[in-house]
>>> print(open('target17.pdb').read())   # PDB, C-alpha atoms and all ligand atoms
ATOM      1  CA  MET A   1      69.339  92.564 108.088  1.00  0.00           C
ATOM      2  CA  ARG A   2      68.022  89.717 105.931  1.00  0.00           C
ATOM      3  CA  LEU A   3      70.449  87.191 104.423  1.00  0.00           C
ATOM      4  CA  ASP A   4      69.611  84.510 101.855  1.00  0.00           C
ATOM      5  CA  VAL A   5      72.089  81.824 100.823  1.00  0.00           C
ATOM      6  CA  VAL A   6      71.579  79.424  97.910  1.00  0.00           C
ATOM      7  CA  SER A   7      73.801  76.330  97.910  1.00  0.00           C
ATOM      8  CA  ILE A   8      73.780  72.640  96.988  1.00  0.00           C
ATOM      9  CA  PHE A   9      75.238  72.052 100.484  1.00  0.00           C
ATOM     10  CA  PRO A  10      72.906  73.910 102.858  1.00  0.00           C
ATOM     11  CA  GLU A  11      74.485  72.021 105.808  1.00  0.00           C
ATOM     12  CA  TYR A  12      77.708  73.922 105.105  1.00  0.00           C
ATOM     13  CA  LEU A  13      76.052  77.022 106.568  1.00  0.00           C
ATOM     14  CA  ALA A  14      75.282  75.339 109.919  1.00  0.00           C
ATOM     15  CA  PRO A  15      78.077  77.220 111.759  1.00  0.00           C
ATOM     16  CA  LEU A  16      76.009  80.385 111.330  1.00  0.00           C
ATOM     17  CA  ASP A  17      73.926  79.026 114.235  1.00  0.00           C
ATOM     18  CA  LEU A  18      76.926  79.365 116.562  1.00  0.00           C
ATOM     19  CA  SER A  19      78.587  82.071 118.605  1.00  0.00           C
ATOM     20  CA  LEU A  20      77.874  85.766 118.025  1.00  0.00           C
ATOM     21  CA  ILE A  21      76.139  85.232 114.682  1.00  0.00           C
ATOM     22  CA  GLY A  22      73.859  82.563 116.163  1.00  0.00           C
ATOM     23  CA  ARG A  23      72.990  84.872 119.031  1.00  0.00           C
ATOM     24  CA  ALA A  24      72.324  87.772 116.631  1.00  0.00           C
ATOM     25  CA  ARG A  25      69.864  85.522 114.797  1.00  0.00           C
ATOM     26  CA  ARG A  26      68.122  84.515 118.017  1.00  0.00           C
ATOM     27  CA  ASP A  27      68.029  88.202 119.061  1.00  0.00           C
ATOM     28  CA  GLY A  28      66.300  89.084 115.779  1.00  0.00           C
ATOM     29  CA  LEU A  29      69.176  91.250 114.466  1.00  0.00           C
ATOM     30  CA  LEU A  30      69.752  88.874 111.545  1.00  0.00           C
ATOM     31  CA  ALA A  31      67.270  86.766 109.562  1.00  0.00           C
ATOM     32  CA  LEU A  32      69.101  83.989 107.677  1.00  0.00           C
ATOM     33  CA  HIS A  33      67.353  81.909 105.000  1.00  0.00           C
ATOM     34  CA  VAL A  34      69.317  79.013 103.491  1.00  0.00           C
ATOM     35  CA  HIS A  35      67.960  77.482 100.262  1.00  0.00           C
ATOM     36  CA  ASP A  36      68.906  74.159  98.690  1.00  0.00           C
ATOM     37  CA  LEU A  37      69.518  74.718  94.961  1.00  0.00           C
ATOM     38  CA  ARG A  38      68.331  71.156  94.237  1.00  0.00           C
ATOM     39  CA  GLU A  39      64.848  72.142  95.407  1.00  0.00           C
ATOM     40  CA  PHE A  40      64.677  74.242  92.222  1.00  0.00           C
ATOM     41  CA  THR A  41      65.435  71.419  89.778  1.00  0.00           C
ATOM     42  CA  SER A  42      62.657  69.704  87.842  1.00  0.00           C
ATOM     43  CA  ASP A  43      64.183  66.349  86.854  1.00  0.00           C
ATOM     44  CA  ARG A  44      64.175  63.078  88.776  1.00  0.00           C
ATOM     45  CA  HIS A  45      67.929  63.258  89.462  1.00  0.00           C
ATOM     46  CA  ARG A  46      67.763  66.860  90.691  1.00  0.00           C
ATOM     47  CA  THR A  47      70.566  67.753  88.260  1.00  0.00           C
ATOM     48  CA  VAL A  48      72.378  71.053  88.835  1.00  0.00           C
ATOM     49  CA  ASP A  49      75.354  70.683  86.458  1.00  0.00           C
ATOM     50  CA  ASP A  50      76.273  69.720  82.923  1.00  0.00           C
ATOM     51  CA  SER A  51      79.377  69.628  80.707  1.00  0.00           C
ATOM     52  CA  PRO A  52      80.740  72.912  79.345  1.00  0.00           C
ATOM     53  CA  PHE A  53      80.007  74.047  75.793  1.00  0.00           C
ATOM     54  CA  GLY A  54      83.295  74.385  73.951  1.00  0.00           C
ATOM     55  CA  GLY A  55      84.824  71.514  75.897  1.00  0.00           C
ATOM     56  CA  GLY A  56      87.200  71.559  78.808  1.00  0.00           C
ATOM     57  CA  ALA A  57      87.478  69.970  82.207  1.00  0.00           C
ATOM     58  CA  GLY A  58      84.800  69.840  84.852  1.00  0.00           C
ATOM     59  CA  MET A  59      81.152  70.735  84.965  1.00  0.00           C
ATOM     60  CA  VAL A  60      79.177  73.976  84.799  1.00  0.00           C
ATOM     61  CA  MET A  61      76.121  74.787  86.924  1.00  0.00           C
ATOM     62  CA  LYS A  62      72.947  74.846  84.830  1.00  0.00           C
ATOM     63  CA  PRO A  63      71.035  78.113  84.442  1.00  0.00           C
ATOM     64  CA  GLU A  64      67.431  76.964  85.060  1.00  0.00           C
ATOM     65  CA  PRO A  65      67.730  75.912  88.738  1.00  0.00           C
ATOM     66  CA  TRP A  66      69.700  79.076  89.511  1.00  0.00           C
ATOM     67  CA  ALA A  67      67.147  81.342  87.856  1.00  0.00           C
ATOM     68  CA  ALA A  68      64.300  79.599  89.723  1.00  0.00           C
ATOM     69  CA  ALA A  69      66.148  79.795  93.042  1.00  0.00           C
ATOM     70  CA  LEU A  70      67.029  83.474  92.664  1.00  0.00           C
ATOM     71  CA  ASP A  71      63.476  84.352  91.567  1.00  0.00           C
ATOM     72  CA  HIS A  72      62.206  82.510  94.639  1.00  0.00           C
ATOM     73  CA  VAL A  73      64.550  84.465  96.931  1.00  0.00           C
ATOM     74  CA  VAL A  74      63.430  87.779  95.431  1.00  0.00           C
ATOM     75  CA  SER A  75      59.709  86.988  95.694  1.00  0.00           C
ATOM     76  CA  ASP A  76      60.068  85.332  99.130  1.00  0.00           C
ATOM     77  CA  GLY A  77      61.677  88.384 100.658  1.00  0.00           C
ATOM     78  CA  ALA A  78      59.784  91.077  98.791  1.00  0.00           C
ATOM     79  CA  GLY A  79      58.028  93.381 101.196  1.00  0.00           C
ATOM     80  CA  PRO A  80      55.581  96.190 100.518  1.00  0.00           C
ATOM     81  CA  ASP A  81      58.481  98.406  99.378  1.00  0.00           C
ATOM     82  CA  ALA A  82      59.317  95.888  96.604  1.00  0.00           C
ATOM     83  CA  ALA A  83      63.001  95.901  97.588  1.00  0.00           C
ATOM     84  CA  VAL A  84      65.463  93.449  96.062  1.00  0.00           C
ATOM     85  CA  PRO A  85      68.602  91.955  97.611  1.00  0.00           C
ATOM     86  CA  HIS A  86      72.162  92.778  96.646  1.00  0.00           C
ATOM     87  CA  LEU A  87      73.373  89.479  95.193  1.00  0.00           C
ATOM     88  CA  LEU A  88      76.935  88.486  96.062  1.00  0.00           C
ATOM     89  CA  VAL A  89      78.494  85.641  94.132  1.00  0.00           C
ATOM     90  CA  PRO A  90      81.739  84.383  95.705  1.00  0.00           C
ATOM     91  CA  GLY A  91      84.393  83.426  93.187  1.00  0.00           C
ATOM     92  CA  PRO A  92      88.152  83.745  92.684  1.00  0.00           C
ATOM     93  CA  GLY A  93      87.489  86.037  89.709  1.00  0.00           C
ATOM     94  CA  GLY A  94      85.629  88.632  91.764  1.00  0.00           C
ATOM     95  CA  VAL A  95      86.493  91.999  93.255  1.00  0.00           C
ATOM     96  CA  PRO A  96      88.495  91.654  96.485  1.00  0.00           C
ATOM     97  CA  PHE A  97      86.440  91.434  99.672  1.00  0.00           C
ATOM     98  CA  THR A  98      87.801  94.005 102.134  1.00  0.00           C
ATOM     99  CA  GLN A  99      86.882  95.538 105.477  1.00  0.00           C
ATOM    100  CA  ALA A 100      85.662  98.606 103.563  1.00  0.00           C
ATOM    101  CA  MET A 101      83.314  96.396 101.534  1.00  0.00           C
ATOM    102  CA  ALA A 102      82.136  94.696 104.743  1.00  0.00           C
ATOM    103  CA  HIS A 103      81.199  98.148 106.095  1.00  0.00           C
ATOM    104  CA  ARG A 104      79.315  99.049 102.902  1.00  0.00           C
ATOM    105  CA  LEU A 105      77.432  95.737 102.926  1.00  0.00           C
ATOM    106  CA  ALA A 106      76.602  96.095 106.631  1.00  0.00           C
ATOM    107  CA  ALA A 107      74.624  99.229 105.709  1.00  0.00           C
ATOM    108  CA  GLU A 108      72.396  97.283 103.306  1.00  0.00           C
ATOM    109  CA  PRO A 109      69.100  95.737 104.484  1.00  0.00           C
ATOM    110  CA  TRP A 110      69.191  92.562 102.384  1.00  0.00           C
ATOM    111  CA  LEU A 111      72.054  90.467 100.991  1.00  0.00           C
ATOM    112  CA  ALA A 112      71.761  87.245  98.999  1.00  0.00           C
ATOM    113  CA  PHE A 113      74.636  84.850  98.292  1.00  0.00           C
ATOM    114  CA  ALA A 114      74.839  82.389  95.395  1.00  0.00           C
ATOM    115  CA  CYS A 115      77.323  79.595  96.137  1.00  0.00           C
ATOM    116  CA  GLY A 116      78.780  78.164  92.955  1.00  0.00           C
ATOM    117  CA  ARG A 117      80.539  74.803  92.733  1.00  0.00           C
ATOM    118  CA  TYR A 118      82.402  72.936  89.988  1.00  0.00           C
ATOM    119  CA  GLU A 119      83.844  75.179  87.254  1.00  0.00           C
ATOM    120  CA  GLY A 120      81.281  77.884  87.925  1.00  0.00           C
ATOM    121  CA  ILE A 121      77.745  79.002  87.104  1.00  0.00           C
ATOM    122  CA  ASP A 122      76.477  79.437  83.520  1.00  0.00           C
ATOM    123  CA  GLU A 123      77.234  83.068  82.644  1.00  0.00           C
ATOM    124  CA  ARG A 124      73.601  83.751  81.660  1.00  0.00           C
ATOM    125  CA  VAL A 125      72.600  83.407  85.316  1.00  0.00           C
ATOM    126  CA  TYR A 126      74.541  86.608  86.043  1.00  0.00           C
ATOM    127  CA  GLU A 127      72.565  88.352  83.273  1.00  0.00           C
ATOM    128  CA  HIS A 128      69.269  86.991  84.639  1.00  0.00           C
ATOM    129  CA  ALA A 129      70.161  88.187  88.121  1.00  0.00           C
ATOM    130  CA  ALA A 130      71.524  91.570  87.021  1.00  0.00           C
ATOM    131  CA  ALA A 131      68.206  92.316  85.289  1.00  0.00           C
ATOM    132  CA  ARG A 132      66.539  92.006  88.711  1.00  0.00           C
ATOM    133  CA  MET A 133      69.022  93.128  91.373  1.00  0.00           C
ATOM    134  CA  PRO A 134      72.519  94.491  91.918  1.00  0.00           C
ATOM    135  CA  VAL A 135      75.095  91.715  91.475  1.00  0.00           C
ATOM    136  CA  THR A 136      78.708  91.668  92.680  1.00  0.00           C
ATOM    137  CA  VAL A 137      81.180  88.825  92.201  1.00  0.00           C
ATOM    138  CA  VAL A 138      83.445  88.834  95.251  1.00  0.00           C
ATOM    139  CA  SER A 139      86.768  87.082  95.915  1.00  0.00           C
ATOM    140  CA  LEU A 140      88.182  86.302  99.324  1.00  0.00           C
ATOM    141  CA  GLY A 141      91.731  86.196  97.981  1.00  0.00           C
ATOM    142  CA  ASP A 142      94.015  84.947  95.261  1.00  0.00           C
ATOM    143  CA  TYR A 143      93.471  81.254  95.805  1.00  0.00           C
ATOM    144  CA  VAL A 144      90.805  78.774  94.739  1.00  0.00           C
ATOM    145  CA  LEU A 145      88.235  77.184  97.061  1.00  0.00           C
ATOM    146  CA  ASN A 146      86.016  74.261  96.067  1.00  0.00           C
ATOM    147  CA  GLY A 147      82.887  76.375  96.265  1.00  0.00           C
ATOM    148  CA  GLY A 148      81.383  79.572  97.588  1.00  0.00           C
ATOM    149  CA  GLU A 149      80.145  78.246 100.934  1.00  0.00           C
ATOM    150  CA  VAL A 150      83.331  78.829 102.944  1.00  0.00           C
ATOM    151  CA  ALA A 151      83.596  82.308 101.446  1.00  0.00           C
ATOM    152  CA  VAL A 152      79.997  83.028 102.478  1.00  0.00           C
ATOM    153  CA  LEU A 153      80.745  81.963 106.054  1.00  0.00           C
ATOM    154  CA  ALA A 154      83.640  84.423 106.116  1.00  0.00           C
ATOM    155  CA  MET A 155      81.734  87.283 104.493  1.00  0.00           C
ATOM    156  CA  VAL A 156      78.623  86.860 106.646  1.00  0.00           C
ATOM    157  CA  GLU A 157      80.766  86.900 109.781  1.00  0.00           C
ATOM    158  CA  ALA A 158      82.723  89.962 108.654  1.00  0.00           C
ATOM    159  CA  VAL A 159      79.522  91.866 107.798  1.00  0.00           C
ATOM    160  CA  ALA A 160      77.279  90.724 110.660  1.00  0.00           C
ATOM    161  CA  ARG A 161      79.763  91.637 113.381  1.00  0.00           C
ATOM    162  CA  LEU A 162      79.581  95.258 112.185  1.00  0.00           C
ATOM    163  CA  LEU A 163      75.819  95.434 112.798  1.00  0.00           C
ATOM    164  CA  PRO A 164      74.859  97.350 115.931  1.00  0.00           C
ATOM    165  CA  GLY A 165      74.381  94.972 118.868  1.00  0.00           C
ATOM    166  CA  VAL A 166      76.118  91.920 117.356  1.00  0.00           C
ATOM    167  CA  VAL A 167      79.512  92.447 119.028  1.00  0.00           C
ATOM    168  CA  GLY A 168      78.894  93.283 122.699  1.00  0.00           C
ATOM    169  CA  ASN A 169      81.757  95.761 123.070  1.00  0.00           C
ATOM    170  CA  ALA A 170      81.589  98.119 120.075  1.00  0.00           C
ATOM    171  CA  ALA A 171      84.933  99.669 121.109  1.00  0.00           C
ATOM    172  CA  SER A 172      86.629  96.374 120.236  1.00  0.00           C
ATOM    173  CA  LEU A 173      85.727  96.988 116.583  1.00  0.00           C
ATOM    174  CA  VAL A 174      87.648 100.251 116.392  1.00  0.00           C
ATOM    175  CA  GLU A 175      91.312  99.323 116.800  1.00  0.00           C
ATOM    176  CA  GLU A 176      91.410  95.963 115.089  1.00  0.00           C
ATOM    177  CA  SER A 177      93.314  94.978 111.975  1.00  0.00           C
ATOM    178  CA  HIS A 178      92.289  96.799 108.793  1.00  0.00           C
ATOM    179  CA  GLU A 179      90.406  99.533 110.625  1.00  0.00           C
ATOM    180  CA  GLY A 180      92.362 102.703 109.851  1.00  0.00           C
ATOM    181  CA  GLY A 181      94.291 100.783 107.209  1.00  0.00           C
ATOM    182  CA  LEU A 182      96.767  99.186 109.622  1.00  0.00           C
ATOM    183  CA  LEU A 183      97.103  95.769 111.229  1.00  0.00           C
ATOM    184  CA  GLU A 184      96.355  95.358 114.922  1.00  0.00           C
ATOM    185  CA  TYR A 185      98.988  95.854 117.650  1.00  0.00           C
ATOM    186  CA  PRO A 186     100.082  92.810 119.726  1.00  0.00           C
ATOM    187  CA  VAL A 187      98.046  92.083 122.851  1.00  0.00           C
ATOM    188  CA  TYR A 188      98.990  90.524 126.210  1.00  0.00           C
ATOM    189  CA  THR A 189      97.252  89.382 129.399  1.00  0.00           C
ATOM    190  CA  ARG A 190      98.318  88.007 132.786  1.00  0.00           C
ATOM    191  CA  PRO A 191     100.817  86.809 133.908  1.00  0.00           C
ATOM    192  CA  ALA A 192     103.057  89.855 133.330  1.00  0.00           C
ATOM    193  CA  SER A 193     106.038  87.536 133.558  1.00  0.00           C
ATOM    194  CA  TRP A 194     105.508  84.045 132.154  1.00  0.00           C
ATOM    195  CA  ALA A 195     107.932  81.199 132.853  1.00  0.00           C
ATOM    196  CA  ASP A 196     107.643  79.291 129.560  1.00  0.00           C
ATOM    197  CA  GLY A 197     109.813  76.302 130.442  1.00  0.00           C
ATOM    198  CA  ASP A 198     113.364  77.667 130.737  1.00  0.00           C
ATOM    199  CA  THR A 199     112.459  80.954 129.102  1.00  0.00           C
ATOM    200  CA  VAL A 200     110.958  83.942 130.883  1.00  0.00           C
ATOM    201  CA  ARG A 201     108.674  85.923 128.619  1.00  0.00           C
ATOM    202  CA  ASP A 202     107.749  89.385 129.881  1.00  0.00           C
ATOM    203  CA  VAL A 203     104.985  91.707 128.762  1.00  0.00           C
ATOM    204  CA  PRO A 204     106.433  94.935 127.268  1.00  0.00           C
ATOM    205  CA  PRO A 205     106.982  97.179 130.330  1.00  0.00           C
ATOM    206  CA  VAL A 206     105.178 100.177 128.788  1.00  0.00           C
ATOM    207  CA  LEU A 207     101.875  98.262 129.072  1.00  0.00           C
ATOM    208  CA  LEU A 208     102.346  98.056 132.854  1.00  0.00           C
ATOM    209  CA  SER A 209     103.335 101.733 133.186  1.00  0.00           C
ATOM    210  CA  GLY A 210      99.865 103.222 133.536  1.00  0.00           C
ATOM    211  CA  ASP A 211     100.978 105.983 131.114  1.00  0.00           C
ATOM    212  CA  HIS A 212      98.076 105.978 128.637  1.00  0.00           C
ATOM    213  CA  GLY A 213      99.787 108.363 126.216  1.00  0.00           C
ATOM    214  CA  ALA A 214     102.897 106.169 126.117  1.00  0.00           C
ATOM    215  CA  ILE A 215     100.751 103.048 125.668  1.00  0.00           C
ATOM    216  CA  ALA A 216      98.835 104.615 122.761  1.00  0.00           C
ATOM    217  CA  ARG A 217     102.113 105.700 121.090  1.00  0.00           C
ATOM    218  CA  TRP A 218     103.628 102.228 121.562  1.00  0.00           C
ATOM    219  CA  ARG A 219     100.542 100.558 120.101  1.00  0.00           C
ATOM    220  CA  HIS A 220     100.553 102.894 117.106  1.00  0.00           C
ATOM    221  CA  ASP A 221     104.249 102.224 116.473  1.00  0.00           C
ATOM    222  CA  GLU A 222     103.619  98.462 116.723  1.00  0.00           C
ATOM    223  CA  ARG A 223     100.762  98.716 114.223  1.00  0.00           C
ATOM    224  CA  VAL A 224     102.984 100.571 111.767  1.00  0.00           C
ATOM    225  CA  ALA A 225     105.947  98.194 112.244  1.00  0.00           C
ATOM    226  CA  ARG A 226     103.769  95.094 111.953  1.00  0.00           C
ATOM    227  CA  THR A 227     102.016  96.422 108.871  1.00  0.00           C
ATOM    228  CA  ALA A 228     105.353  97.318 107.229  1.00  0.00           C
ATOM    229  CA  ALA A 229     106.721  93.831 107.952  1.00  0.00           C
ATOM    230  CA  ARG A 230     103.689  91.787 106.957  1.00  0.00           C
ATOM    231  CA  ARG A 231     101.746  93.971 104.558  1.00  0.00           C
ATOM    232  CA  PRO A 232     103.998  96.613 102.965  1.00  0.00           C
ATOM    233  CA  ASP A 233     101.267  97.110 100.353  1.00  0.00           C
ATOM    234  CA  LEU A 234      99.011  98.529 103.097  1.00  0.00           C
ATOM    235  CA  VAL A 235     101.525 101.068 104.415  1.00  0.00           C
ATOM    236  CA  ALA A 236     101.360 103.097 101.212  1.00  0.00           C
ATOM    237  CA  VAL A 237      97.557 103.037 101.346  1.00  0.00           C
ATOM    238  CA  ALA A 238      97.437 103.974 105.039  1.00  0.00           C
ATOM    239  CA  ALA A 239      99.766 106.921 104.373  1.00  0.00           C
ATOM    240  CA  THR A 240      97.519 108.298 101.634  1.00  0.00           C
ATOM    241  CA  VAL A 241      94.256 107.897 103.602  1.00  0.00           C
ATOM    242  CA  GLY A 242      95.829 109.325 106.763  1.00  0.00           C
ATOM    243  CA  GLY A 243      95.761 106.118 108.787  1.00  0.00           C
ATOM    244  CA  LEU A 244      99.333 106.722 109.907  1.00  0.00           C
ATOM    245  CA  ASP A 245      98.465 110.132 111.352  1.00  0.00           C
ATOM    246  CA  ASP A 246      94.974 109.479 112.669  1.00  0.00           C
ATOM    247  CA  LEU A 247      96.224 107.456 115.568  1.00  0.00           C
ATOM    248  CA  GLU A 248      99.114 109.751 116.427  1.00  0.00           C
ATOM    249  CA  VAL A 249      98.943 110.679 120.080  1.00  0.00           C
ATOM    250  CA  THR A 250     100.719 113.909 121.031  1.00  0.00           C
TER     251      THR A 250
HETATM  252  N1  LIG B   1      85.185  80.366  95.400  1.00  0.00           N
HETATM  253  C1  LIG B   1      86.265  79.713  94.949  1.00  0.00           C
HETATM  254  N2  LIG B   1      87.374  80.397  95.233  1.00  0.00           N
HETATM  255  C2  LIG B   1      86.981  81.531  95.859  1.00  0.00           C
HETATM  256  C3  LIG B   1      87.653  82.661  96.398  1.00  0.00           C
HETATM  257  N3  LIG B   1      88.975  82.788  96.325  1.00  0.00           N
HETATM  258  N4  LIG B   1      86.924  83.636  96.947  1.00  0.00           N
HETATM  259  C4  LIG B   1      85.595  83.547  96.995  1.00  0.00           C
HETATM  260  N5  LIG B   1      84.906  82.508  96.523  1.00  0.00           N
HETATM  261  C5  LIG B   1      85.586  81.505  95.962  1.00  0.00           C
END
>>> encode(input="target17.pdb", output="structure tokens", more="lines below")
Ligand code: ADE
Amino acid sequence: MRLDVVSIFPEYLAPLDLSLIGRARRDGLLALHVHDLREFTSDRHRTVDDSPFGGGAGMVMKPEPWAAALDHVVSDGAGPDAAVPHLLVPGPGGVPFTQAMAHRLAAEPWLAFACGRYEGIDERVYEHAAARMPVTVVSLGDYVLNGGEVAVLAMVEAVARLLPGVVGNAASLVEESHEGGLLEYPVYTRPASWADGDTVRDVPPVLLSGDHGAIARWRHDERVARTAARRPDLVAVAATVGGLDDLEVT
């Protein structure tokens, strides 16, 4: 998979050199290209923003550097099949980023990310981009970040770990939170009985029983209970898509 990121803070993407994503890049599973938006300015001050027409607080990102940067990404990555990337623009006004979207994006060969800052990017940039490639504005959640970079780190990690070979143990992807529409069950490791100061904290006995059917039932019940307590909105969804039944062990 090829990934392009355009930002005025390319250093923000440095963590993508670390851990599983860094290894996936070194293994050739991921090709990441980070572009500095200021490289696509043409004035001495490398200006990327200006005041908003109509007034109001803050600054708006200018269209010309964005158009030049996105055109560069498209031409830089164009192969013989003349493919274009799917452009993702992180922003609080976007469609919610979900595990289902991560799966859909993981099936695409080429994603590009445009990191906005300030009050946003001039709306005509979206028109320029949409005339050349699919464009989706994506939100991480109902809160406001200072820019798209942190959202890109999260989205790239969520997508890349679904690519074959990125996470060593593929089975660990199956039963985690949001797969099957439920949150993950609680996990424990040694010691089975932990003296935490004056308090003894024991692992639930069923996990030590060796009864795999009982363990699977307990884990399913924990997923349902945890989801109901923390994310009641997901229980209704899981019921309609069958997530509550899929994991039933008889
Ligand atoms: N940029 C600013 N806020 C954001 C959010 N909630 N999600 C994605 N990108 C953002």
>>> residues_near_ligand(input="target17.pdb", ligand="ligand LIG 1 (chain B)", cutoff="12 Å", atoms="only C-alpha atoms and all ligand atoms", output="MDAnalysis selection string")
chainID A and resid 88:98 113:121 136:155
>>> atom_distance(input="target17.pdb", atom1="atom CA of Ala192 of chain A", atom2="atom CA of Gly210 of chain A")
13.7 Å
>>> residues_near_point(input="target17.pdb", point="(79.2, 98.5, 101.8)", cutoff="12 Å", atoms="all atoms listed in the file", output="ChimeraX atom specification")
/A:86,88,97-111,136,155,158-160,162-163
>>> axis_aligned_box(input="target17.pdb", around="segment 104-112 of chain A", padding_each_side="3 Å", output="lines of an AutoDock Vina configuration file")
center_x = 74.2
center_y = 93.2
center_z = 102.8
size_x = 16.2
size_y = 18.0
size_z = 13.6
>>> residues_around(input="target17.pdb", residues="Val125 of chain A", least_positions_apart="2", cutoff="8 Å", atoms="all atoms listed in the file", output="PyMOL selection string")
chain A and resi 63+66-67+121-123+127-129
